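Trainee: Structure incoming, see below.
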Amino acid sequence: MITINLKPGSRRARSSSSLAGGLSALKGLQSRVKDPWPMAAIIICGLTVLFLAWVWISSASKQSSLEDQMDVARAENRRYRAFLVEKRRAEAARDSVVIQIATIRAVDDDRYVWPHILDEITRAVPPYTWLTEVTAMTPVSMDTTSLATPVGVQLTGRTMDLQGFTRFMRQLEDSPWISDVTMLSTQTIVERGRAVTSFILKATYDRHGRAKVATAPSGGR
(Lines give C-alpha, C1' and ligand atoms only; values in the text may rest on other atoms or scores of the structure.)
Protein backbone atom coordinates (compact mmCIF):
# COMPACT_ATOMS: atom_id res chain seq x y z
CA MET A 1 0.00 0.00 0.00
CA ILE A 2 1.46 3.38 -1.02
CA THR A 3 0.93 6.38 1.27
CA ILE A 4 1.40 9.88 -0.01
CA ASN A 5 2.26 12.58 2.49
CA LEU A 6 0.43 15.70 1.53
CA LYS A 7 1.87 17.61 4.54
CA PRO A 8 5.66 17.90 4.14
CA GLY A 9 6.36 19.05 7.73
CA SER A 10 4.59 16.18 9.42
CA ARG A 11 7.71 13.78 9.44
CA ARG A 12 9.96 16.34 11.16
CA ALA A 13 7.31 16.96 13.70
CA ARG A 14 7.04 13.24 14.34
CA SER A 15 10.76 12.86 14.87
CA SER A 16 10.94 15.86 17.11
CA SER A 17 8.01 14.58 19.06
CA SER A 18 9.77 11.20 19.60
CA LEU A 19 12.93 12.99 20.86
CA ALA A 20 10.87 15.03 23.22
CA GLY A 21 9.19 11.88 24.44
CA GLY A 22 12.61 10.25 25.21
CA LEU A 23 13.72 13.33 27.13
CA SER A 24 10.55 13.37 29.08
CA ALA A 25 11.03 9.64 29.90
CA LEU A 26 14.54 10.33 31.16
CA LYS A 27 13.27 13.20 33.25
CA GLY A 28 10.60 10.94 34.64
CA LEU A 29 13.18 8.27 35.47
CA GLN A 30 15.36 10.88 37.13
CA SER A 31 12.41 12.10 39.09
CA ARG A 32 11.59 8.55 40.21
CA VAL A 33 15.22 7.82 41.26
CA LYS A 34 15.58 10.18 44.15
CA ASP A 35 18.87 8.59 45.55
CA PRO A 36 21.55 7.75 42.82
CA TRP A 37 23.89 5.78 45.16
CA PRO A 38 22.00 2.46 45.08
CA MET A 39 22.02 2.59 41.29
CA ALA A 40 25.78 3.32 41.32
CA ALA A 41 26.32 0.45 43.71
CA ILE A 42 24.40 -1.88 41.43
CA ILE A 43 26.47 -0.75 38.45
CA ILE A 44 29.72 -1.20 40.40
CA CYS A 45 28.64 -4.69 41.51
CA GLY A 46 27.83 -5.61 37.95
CA LEU A 47 31.21 -4.37 36.74
CA THR A 48 32.91 -6.26 39.57
CA VAL A 49 31.12 -9.46 38.65
CA LEU A 50 32.13 -9.00 35.03
CA PHE A 51 35.76 -8.37 36.06
CA LEU A 52 35.83 -11.41 38.31
CA ALA A 53 34.35 -13.52 35.56
CA TRP A 54 37.05 -12.31 33.17
CA VAL A 55 39.77 -13.03 35.74
CA TRP A 56 38.39 -16.52 36.36
CA ILE A 57 38.23 -17.33 32.67
CA SER A 58 41.78 -16.01 32.13
CA SER A 59 43.10 -17.94 35.15
CA ALA A 60 41.40 -21.12 33.98
CA SER A 61 43.01 -20.75 30.56
CA LYS A 62 46.45 -20.15 32.10
CA GLN A 63 45.99 -23.08 34.49
CA SER A 64 45.12 -25.37 31.59
CA SER A 65 48.25 -24.23 29.74
CA LEU A 66 50.41 -24.73 32.86
CA GLU A 67 48.98 -28.21 33.41
CA ASP A 68 49.97 -29.14 29.86
CA GLN A 69 53.47 -27.83 30.50
CA MET A 70 53.58 -29.72 33.80
CA ASP A 71 52.65 -32.97 32.05
CA VAL A 72 55.45 -32.44 29.55
CA ALA A 73 57.90 -31.68 32.38
CA ARG A 74 56.82 -34.83 34.28
CA ALA A 75 57.34 -36.94 31.16
CA GLU A 76 60.82 -35.44 30.68
CA ASN A 77 61.60 -36.06 34.35
CA ARG A 78 60.59 -39.73 34.07
CA ARG A 79 62.65 -40.17 30.94
CA TYR A 80 65.66 -38.46 32.56
CA ARG A 81 65.37 -40.68 35.64
CA ALA A 82 65.28 -43.78 33.45
CA PHE A 83 68.36 -42.48 31.63
CA LEU A 84 70.20 -41.96 34.95
CA VAL A 85 69.29 -45.47 36.08
CA GLU A 86 70.64 -46.94 32.84
CA LYS A 87 73.75 -44.76 33.13
CA ARG A 88 74.42 -45.99 36.68
CA ARG A 89 73.96 -49.59 35.56
CA ALA A 90 76.38 -49.06 32.67
CA GLU A 91 78.93 -47.43 34.99
CA ALA A 92 78.61 -50.29 37.49
CA ALA A 93 79.11 -52.83 34.70
CA ARG A 94 82.09 -50.85 33.39
CA ASP A 95 83.68 -50.68 36.86
CA SER A 96 83.17 -54.42 37.28
CA VAL A 97 84.82 -55.11 33.92
CA VAL A 98 87.72 -52.78 34.78
CA ILE A 99 88.28 -54.58 38.08
CA GLN A 100 88.17 -57.97 36.36
CA ILE A 101 90.62 -56.81 33.68
CA ALA A 102 92.97 -55.45 36.36
CA THR A 103 92.81 -58.78 38.20
CA ILE A 104 93.50 -60.72 35.01
CA ARG A 105 96.42 -58.45 34.16
CA ALA A 106 97.82 -58.90 37.66
CA VAL A 107 97.62 -62.68 37.33
CA ASP A 108 99.13 -62.64 33.83
CA ASP A 109 101.92 -60.26 34.76
CA ASP A 110 102.97 -62.35 37.75
CA ARG A 111 102.46 -65.63 35.93
CA TYR A 112 104.98 -64.69 33.24
CA VAL A 113 107.59 -63.14 35.57
CA TRP A 114 109.94 -66.10 35.86
CA PRO A 115 109.57 -67.31 32.25
CA HIS A 116 110.71 -63.86 31.14
CA ILE A 117 113.51 -63.68 33.68
CA LEU A 118 114.90 -67.08 32.74
CA ASP A 119 114.42 -66.41 29.05
CA GLU A 120 116.34 -63.12 29.18
CA ILE A 121 119.09 -64.57 31.35
CA THR A 122 119.49 -67.58 29.04
CA ARG A 123 119.90 -65.33 26.01
CA ALA A 124 122.49 -63.20 27.81
CA VAL A 125 124.77 -66.02 29.03
CA PRO A 126 127.90 -66.18 26.80
CA PRO A 127 130.03 -69.25 26.17
CA TYR A 128 132.21 -70.60 28.99
CA THR A 129 129.90 -68.94 31.54
CA TRP A 130 127.24 -70.70 33.57
CA LEU A 131 124.96 -69.96 36.49
CA THR A 132 124.70 -71.94 39.69
CA GLU A 133 121.86 -70.08 41.36
CA VAL A 134 119.08 -67.62 40.45
CA THR A 135 117.06 -66.23 43.35
CA ALA A 136 114.44 -63.52 43.78
CA MET A 137 115.35 -60.64 46.02
CA THR A 138 111.76 -59.25 45.88
CA PRO A 139 108.87 -61.69 46.44
CA VAL A 140 106.33 -61.98 43.64
CA SER A 141 102.87 -60.97 44.84
CA MET A 142 99.47 -61.54 43.23
CA ASP A 143 98.23 -58.20 44.52
CA THR A 144 97.44 -55.60 41.83
CA THR A 145 99.49 -53.03 43.75
CA SER A 146 102.62 -55.09 43.03
CA LEU A 147 102.45 -54.31 39.30
CA ALA A 148 104.50 -51.16 39.79
CA THR A 149 107.08 -52.94 42.01
CA PRO A 150 110.05 -54.38 40.07
CA VAL A 151 111.41 -57.80 40.98
CA GLY A 152 114.97 -57.99 42.22
CA VAL A 153 117.01 -60.96 40.99
CA GLN A 154 120.35 -62.25 42.29
CA LEU A 155 122.54 -64.30 39.94
CA THR A 156 125.38 -66.51 41.11
CA GLY A 157 127.65 -68.11 38.52
CA ARG A 158 131.06 -69.09 37.22
CA THR A 159 133.06 -68.01 34.20
CA MET A 160 136.34 -69.09 32.66
CA ASP A 161 136.66 -65.83 30.71
CA LEU A 162 136.59 -62.38 32.31
CA GLN A 163 135.62 -60.86 28.97
CA GLY A 164 132.70 -63.27 28.84
CA PHE A 165 131.64 -62.08 32.27
CA THR A 166 131.69 -58.46 31.05
CA ARG A 167 129.74 -59.48 27.94
CA PHE A 168 127.18 -61.23 30.17
CA MET A 169 126.56 -58.03 32.16
CA ARG A 170 126.26 -55.94 28.99
CA GLN A 171 123.81 -58.35 27.35
CA LEU A 172 121.69 -58.35 30.50
CA GLU A 173 121.54 -54.56 30.34
CA ASP A 174 120.46 -54.75 26.68
CA SER A 175 117.38 -56.77 27.61
CA PRO A 176 114.09 -54.79 27.64
CA TRP A 177 113.12 -56.55 30.87
CA ILE A 178 116.36 -56.41 32.86
CA SER A 179 117.94 -53.23 34.25
CA ASP A 180 120.21 -52.02 37.04
CA VAL A 181 122.71 -54.86 36.60
CA THR A 182 125.27 -54.52 39.40
CA MET A 183 128.25 -56.68 40.34
CA LEU A 184 128.19 -57.60 44.03
CA SER A 185 131.36 -59.68 44.25
CA THR A 186 133.92 -61.66 42.25
CA GLN A 187 136.59 -64.08 43.33
CA THR A 188 138.85 -66.70 41.82
CA ILE A 189 138.21 -70.27 42.93
CA VAL A 190 139.42 -73.69 41.87
CA GLU A 191 136.74 -75.96 40.52
CA ARG A 192 137.61 -79.44 39.17
CA GLY A 193 141.22 -78.53 39.07
CA ARG A 194 140.73 -75.35 37.09
CA ALA A 195 140.82 -71.72 38.18
CA VAL A 196 137.49 -70.04 37.47
CA THR A 197 135.97 -66.72 38.47
CA SER A 198 132.95 -66.88 40.76
CA PHE A 199 130.62 -63.88 40.57
CA ILE A 200 127.44 -62.61 42.14
CA LEU A 201 125.24 -60.10 40.30
CA LYS A 202 122.01 -58.42 41.09
CA ALA A 203 119.51 -57.04 38.58
CA THR A 204 116.00 -55.68 38.40
CA TYR A 205 113.20 -57.20 36.34
CA ASP A 206 110.55 -54.77 35.04
CA ARG A 207 107.16 -56.44 34.57
CA HIS A 208 106.14 -54.06 31.78
CA GLY A 209 109.45 -53.95 29.99
CA ARG A 210 111.25 -50.89 28.71
CA ALA A 211 110.23 -51.73 25.13
CA LYS A 212 106.54 -52.32 26.09
CA VAL A 213 106.57 -55.78 24.52
CA ALA A 214 103.78 -58.30 25.04
CA THR A 215 103.90 -60.24 28.31
CA ALA A 216 104.01 -63.77 26.93
CA PRO A 217 106.55 -66.64 27.20
CA SER A 218 109.07 -66.92 24.41
CA GLY A 219 107.55 -70.20 23.27
CA GLY A 220 104.19 -68.46 22.61
CA ARG A 221 105.62 -65.59 20.57
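Scheme for the C-alpha coordinates: letters A, B, ... for chains in order shown; per-chain residue numbers from 1; ligand numbers from 1 in order shown.
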Would you mind listing what lies within 7 Å of range 183-186 of chain A as an NGL selection string, with only C-alpha atoms counted and same-chain residues fewer than 3 positions away left out?

Mentor: :A and (197-202)

Trainee: Quick one: everything within 12 Å of Asp180 in chain A, counting only C-alpha atoms, minus sequence neighbours fewer than 5 positions away in the same chain. Send it as a ChimeraX atom specification.

Mentor: /A:150-154,169-170,172-175,201-206

Trainee: Export N, CA and C atoms of the chosen residues as a PDB file, in the first residue's frame?

Mentor:
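File part.pdb, as written:
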```
ATOM      1  N   PRO A 150     109.164 -53.471  40.811  1.00  0.00           N
ATOM      2  CA  PRO A 150     110.055 -54.376  40.069  1.00  0.00           C
ATOM      3  C   PRO A 150     110.477 -55.552  40.944  1.00  0.00           C
ATOM      4  N   VAL A 151     110.944 -56.600  40.286  1.00  0.00           N
ATOM      5  CA  VAL A 151     111.408 -57.802  40.978  1.00  0.00           C
ATOM      6  C   VAL A 151     112.933 -57.812  40.956  1.00  0.00           C
ATOM      7  N   GLY A 152     113.510 -57.891  42.138  1.00  0.00           N
ATOM      8  CA  GLY A 152     114.972 -57.989  42.217  1.00  0.00           C
ATOM      9  C   GLY A 152     115.432 -59.424  42.057  1.00  0.00           C
ATOM     10  N   VAL A 153     116.490 -59.623  41.282  1.00  0.00           N
ATOM     11  CA  VAL A 153     117.009 -60.960  40.988  1.00  0.00           C
ATOM     12  C   VAL A 153     118.502 -60.982  41.323  1.00  0.00           C
ATOM     13  N   GLN A 154     118.930 -62.056  41.982  1.00  0.00           N
ATOM     14  CA  GLN A 154     120.353 -62.248  42.286  1.00  0.00           C
ATOM     15  C   GLN A 154     120.856 -63.453  41.501  1.00  0.00           C
ATOM     16  N   MET A 169     127.182 -59.194  31.526  1.00  0.00           N
ATOM     17  CA  MET A 169     126.558 -58.031  32.157  1.00  0.00           C
ATOM     18  C   MET A 169     125.983 -57.075  31.106  1.00  0.00           C
ATOM     19  N   ARG A 170     126.734 -56.868  30.021  1.00  0.00           N
ATOM     20  CA  ARG A 170     126.265 -55.939  28.987  1.00  0.00           C
ATOM     21  C   ARG A 170     125.009 -56.471  28.295  1.00  0.00           C
ATOM     22  N   LEU A 172     122.818 -58.485  29.572  1.00  0.00           N
ATOM     23  CA  LEU A 172     121.691 -58.354  30.500  1.00  0.00           C
ATOM     24  C   LEU A 172     121.120 -56.936  30.458  1.00  0.00           C
ATOM     25  N   GLU A 173     121.997 -55.948  30.409  1.00  0.00           N
ATOM     26  CA  GLU A 173     121.537 -54.557  30.340  1.00  0.00           C
ATOM     27  C   GLU A 173     120.784 -54.275  29.043  1.00  0.00           C
ATOM     28  N   ASP A 174     121.133 -54.965  27.959  1.00  0.00           N
ATOM     29  CA  ASP A 174     120.459 -54.747  26.679  1.00  0.00           C
ATOM     30  C   ASP A 174     119.051 -55.326  26.651  1.00  0.00           C
ATOM     31  N   SER A 175     118.712 -56.168  27.592  1.00  0.00           N
ATOM     32  CA  SER A 175     117.377 -56.773  27.613  1.00  0.00           C
ATOM     33  C   SER A 175     116.327 -55.723  27.952  1.00  0.00           C
ATOM     34  N   LEU A 201     125.844 -61.303  40.875  1.00  0.00           N
ATOM     35  CA  LEU A 201     125.244 -60.103  40.298  1.00  0.00           C
ATOM     36  C   LEU A 201     123.844 -59.916  40.855  1.00  0.00           C
ATOM     37  N   LYS A 202     123.409 -58.692  40.809  1.00  0.00           N
ATOM     38  CA  LYS A 202     122.008 -58.422  41.088  1.00  0.00           C
ATOM     39  C   LYS A 202     121.447 -57.583  39.932  1.00  0.00           C
ATOM     40  N   ALA A 203     120.177 -57.770  39.662  1.00  0.00           N
ATOM     41  CA  ALA A 203     119.514 -57.044  38.575  1.00  0.00           C
ATOM     42  C   ALA A 203     118.051 -56.829  38.949  1.00  0.00           C
ATOM     43  N   THR A 204     117.406 -56.012  38.164  1.00  0.00           N
ATOM     44  CA  THR A 204     115.999 -55.685  38.403  1.00  0.00           C
ATOM     45  C   THR A 204     115.179 -56.068  37.179  1.00  0.00           C
ATOM     46  N   TYR A 205     114.110 -56.806  37.415  1.00  0.00           N
ATOM     47  CA  TYR A 205     113.201 -57.196  36.338  1.00  0.00           C
ATOM     48  C   TYR A 205     111.991 -56.273  36.353  1.00  0.00           C
ATOM     49  N   ASP A 206     111.702 -55.648  35.190  1.00  0.00           N
ATOM     50  CA  ASP A 206     110.546 -54.766  35.043  1.00  0.00           C
ATOM     51  C   ASP A 206     109.413 -55.552  34.398  1.00  0.00           C
TER      52      ASP A 206
END
```

Trainee: Considering only C-alpha atoms, return as an NGL selection string whatever protein or nucleic-acid residues lie within 10 Å of Glu133 in chain A, sequence-local ones (same chain, fewer than 2 positions apart) excluded.

Mentor: :A and (130-131 or 135 or 154-157 or 200)

Trainee: Residues of range 77-209 of chain A in strand (DSSP E or B) according to DSSP, as an NGL selection string?

Mentor: :A and (129-136 or 151-159 or 178-191 or 194-205)

Trainee: Emit the selected residues as a short mmCIF file (atom, residue, chain, number, x, y, z; two decimals), in the first residue's frame, including N, CA and C atoms.

Mentor:
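Once written, part-v9.cif looks like this:
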```cif
data_model
loop_
_atom_site.label_atom_id
_atom_site.label_comp_id
_atom_site.auth_asym_id
_atom_site.auth_seq_id
_atom_site.Cartn_x
_atom_site.Cartn_y
_atom_site.Cartn_z
N THR A 129 130.47 -69.59 30.35
CA THR A 129 129.90 -68.94 31.54
C THR A 129 128.62 -69.70 31.89
N TRP A 130 128.45 -69.99 33.14
CA TRP A 130 127.24 -70.70 33.57
C TRP A 130 126.81 -70.18 34.94
N LEU A 131 125.56 -70.43 35.24
CA LEU A 131 124.96 -69.96 36.49
C LEU A 131 124.72 -71.15 37.41
N THR A 132 124.94 -70.89 38.68
CA THR A 132 124.70 -71.94 39.69
C THR A 132 123.46 -71.66 40.53
N GLU A 133 123.02 -70.39 40.53
CA GLU A 133 121.86 -70.08 41.36
C GLU A 133 121.20 -68.78 40.85
N VAL A 134 119.88 -68.80 40.78
CA VAL A 134 119.08 -67.62 40.45
C VAL A 134 117.99 -67.50 41.51
N THR A 135 118.02 -66.42 42.27
CA THR A 135 117.06 -66.23 43.35
C THR A 135 116.39 -64.87 43.21
N ALA A 136 115.20 -64.78 43.79
CA ALA A 136 114.44 -63.52 43.78
C ALA A 136 114.74 -62.74 45.04
N VAL A 151 110.94 -56.60 40.29
CA VAL A 151 111.41 -57.80 40.98
C VAL A 151 112.93 -57.81 40.96
N GLY A 152 113.51 -57.89 42.14
CA GLY A 152 114.97 -57.99 42.22
C GLY A 152 115.43 -59.42 42.06
N VAL A 153 116.49 -59.62 41.28
CA VAL A 153 117.01 -60.96 40.99
C VAL A 153 118.50 -60.98 41.32
N GLN A 154 118.93 -62.06 41.98
CA GLN A 154 120.35 -62.25 42.29
C GLN A 154 120.86 -63.45 41.50
N LEU A 155 121.97 -63.26 40.79
CA LEU A 155 122.54 -64.30 39.94
C LEU A 155 123.91 -64.70 40.49
N THR A 156 124.09 -65.97 40.68
CA THR A 156 125.38 -66.51 41.11
C THR A 156 125.88 -67.46 40.04
N GLY A 157 127.15 -67.28 39.60
CA GLY A 157 127.65 -68.11 38.52
C GLY A 157 129.16 -68.22 38.49
N ARG A 158 129.63 -68.89 37.44
CA ARG A 158 131.06 -69.09 37.22
C ARG A 158 131.36 -68.71 35.78
N THR A 159 132.60 -68.30 35.55
CA THR A 159 133.06 -68.01 34.20
C THR A 159 134.53 -68.36 34.10
N ILE A 178 115.36 -56.41 31.79
CA ILE A 178 116.36 -56.41 32.86
C ILE A 178 117.05 -55.05 32.89
N SER A 179 117.24 -54.51 34.08
CA SER A 179 117.94 -53.23 34.25
C SER A 179 118.68 -53.25 35.58
N ASP A 180 119.47 -52.20 35.79
CA ASP A 180 120.21 -52.02 37.04
C ASP A 180 121.08 -53.24 37.37
N VAL A 181 121.81 -53.72 36.38
CA VAL A 181 122.71 -54.86 36.60
C VAL A 181 123.94 -54.36 37.36
N THR A 182 124.18 -54.97 38.53
CA THR A 182 125.27 -54.52 39.40
C THR A 182 126.06 -55.74 39.87
N MET A 183 127.39 -55.62 39.84
CA MET A 183 128.25 -56.68 40.34
C MET A 183 128.40 -56.55 41.85
N LEU A 184 128.07 -57.61 42.57
CA LEU A 184 128.19 -57.60 44.03
C LEU A 184 129.56 -58.09 44.49
N SER A 185 130.04 -59.15 43.85
CA SER A 185 131.36 -59.68 44.25
C SER A 185 131.90 -60.59 43.16
N THR A 186 133.22 -60.70 43.12
CA THR A 186 133.92 -61.66 42.25
C THR A 186 135.12 -62.21 43.02
N GLN A 187 135.40 -63.46 42.73
CA GLN A 187 136.59 -64.08 43.33
C GLN A 187 137.02 -65.28 42.48
N THR A 188 138.30 -65.57 42.58
CA THR A 188 138.85 -66.70 41.82
C THR A 188 138.85 -67.94 42.72
N ILE A 189 138.27 -69.01 42.19
CA ILE A 189 138.21 -70.27 42.93
C ILE A 189 138.70 -71.39 42.01
N VAL A 190 138.98 -72.51 42.62
CA VAL A 190 139.42 -73.69 41.87
C VAL A 190 138.28 -74.68 41.87
N GLU A 191 137.84 -75.02 40.66
CA GLU A 191 136.74 -75.96 40.52
C GLU A 191 137.17 -77.04 39.52
N ARG A 194 140.53 -76.51 37.95
CA ARG A 194 140.73 -75.35 37.09
C ARG A 194 140.38 -74.09 37.86
N ALA A 195 141.11 -73.01 37.55
CA ALA A 195 140.82 -71.72 38.18
C ALA A 195 139.70 -71.03 37.40
N VAL A 196 138.64 -70.74 38.08
CA VAL A 196 137.49 -70.04 37.47
C VAL A 196 137.16 -68.84 38.33
N THR A 197 136.40 -67.92 37.74
CA THR A 197 135.97 -66.72 38.47
C THR A 197 134.53 -66.91 38.91
N SER A 198 134.31 -66.81 40.20
CA SER A 198 132.95 -66.88 40.76
C SER A 198 132.42 -65.45 40.91
N PHE A 199 131.18 -65.24 40.53
CA PHE A 199 130.62 -63.88 40.57
C PHE A 199 129.20 -63.94 41.11
N ILE A 200 128.82 -62.80 41.68
CA ILE A 200 127.44 -62.61 42.14
C ILE A 200 126.96 -61.27 41.59
N LEU A 201 125.84 -61.30 40.87
CA LEU A 201 125.24 -60.10 40.30
C LEU A 201 123.84 -59.92 40.85
N LYS A 202 123.41 -58.69 40.81
CA LYS A 202 122.01 -58.42 41.09
C LYS A 202 121.45 -57.58 39.93
N ALA A 203 120.18 -57.77 39.66
CA ALA A 203 119.51 -57.04 38.58
C ALA A 203 118.05 -56.83 38.95
N THR A 204 117.41 -56.01 38.16
CA THR A 204 116.00 -55.68 38.40
C THR A 204 115.18 -56.07 37.18
N TYR A 205 114.11 -56.81 37.42
CA TYR A 205 113.20 -57.20 36.34
C TYR A 205 111.99 -56.27 36.35
#
```

Trainee: Find the distance between CA of Glu86 in chain A and CA of Gln69 in chain A and write it in Å to one decimal.

Mentor: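 These atoms are spaced 25.8 Å apart.
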
Trainee: Using Å and a single decimal, report how far CA of Trp114 in chain A sits from CA of Phe165 in chain A.

Mentor: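 Taking CA of Phe165 in chain A and CA of Trp114 in chain A, their separation equals 22.4 Å.
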
Trainee: What is the CA of Thr166 in chain A-CA of Pro126 in chain A distance in Å, reported with one decimal?

Mentor: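 Separation between CA of Thr166 in chain A and CA of Pro126 in chain A: 9.6 Å.
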
Trainee: Using only C-alpha atoms, pick whichever of A:Ile57, A:Trp177, A:Ile44, A:Asp95 has the shortest atom-to-atom distance to His116 in chain A.

Mentor: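 Checking each candidate against His116 in chain A, we get A:Trp177 as the closest.
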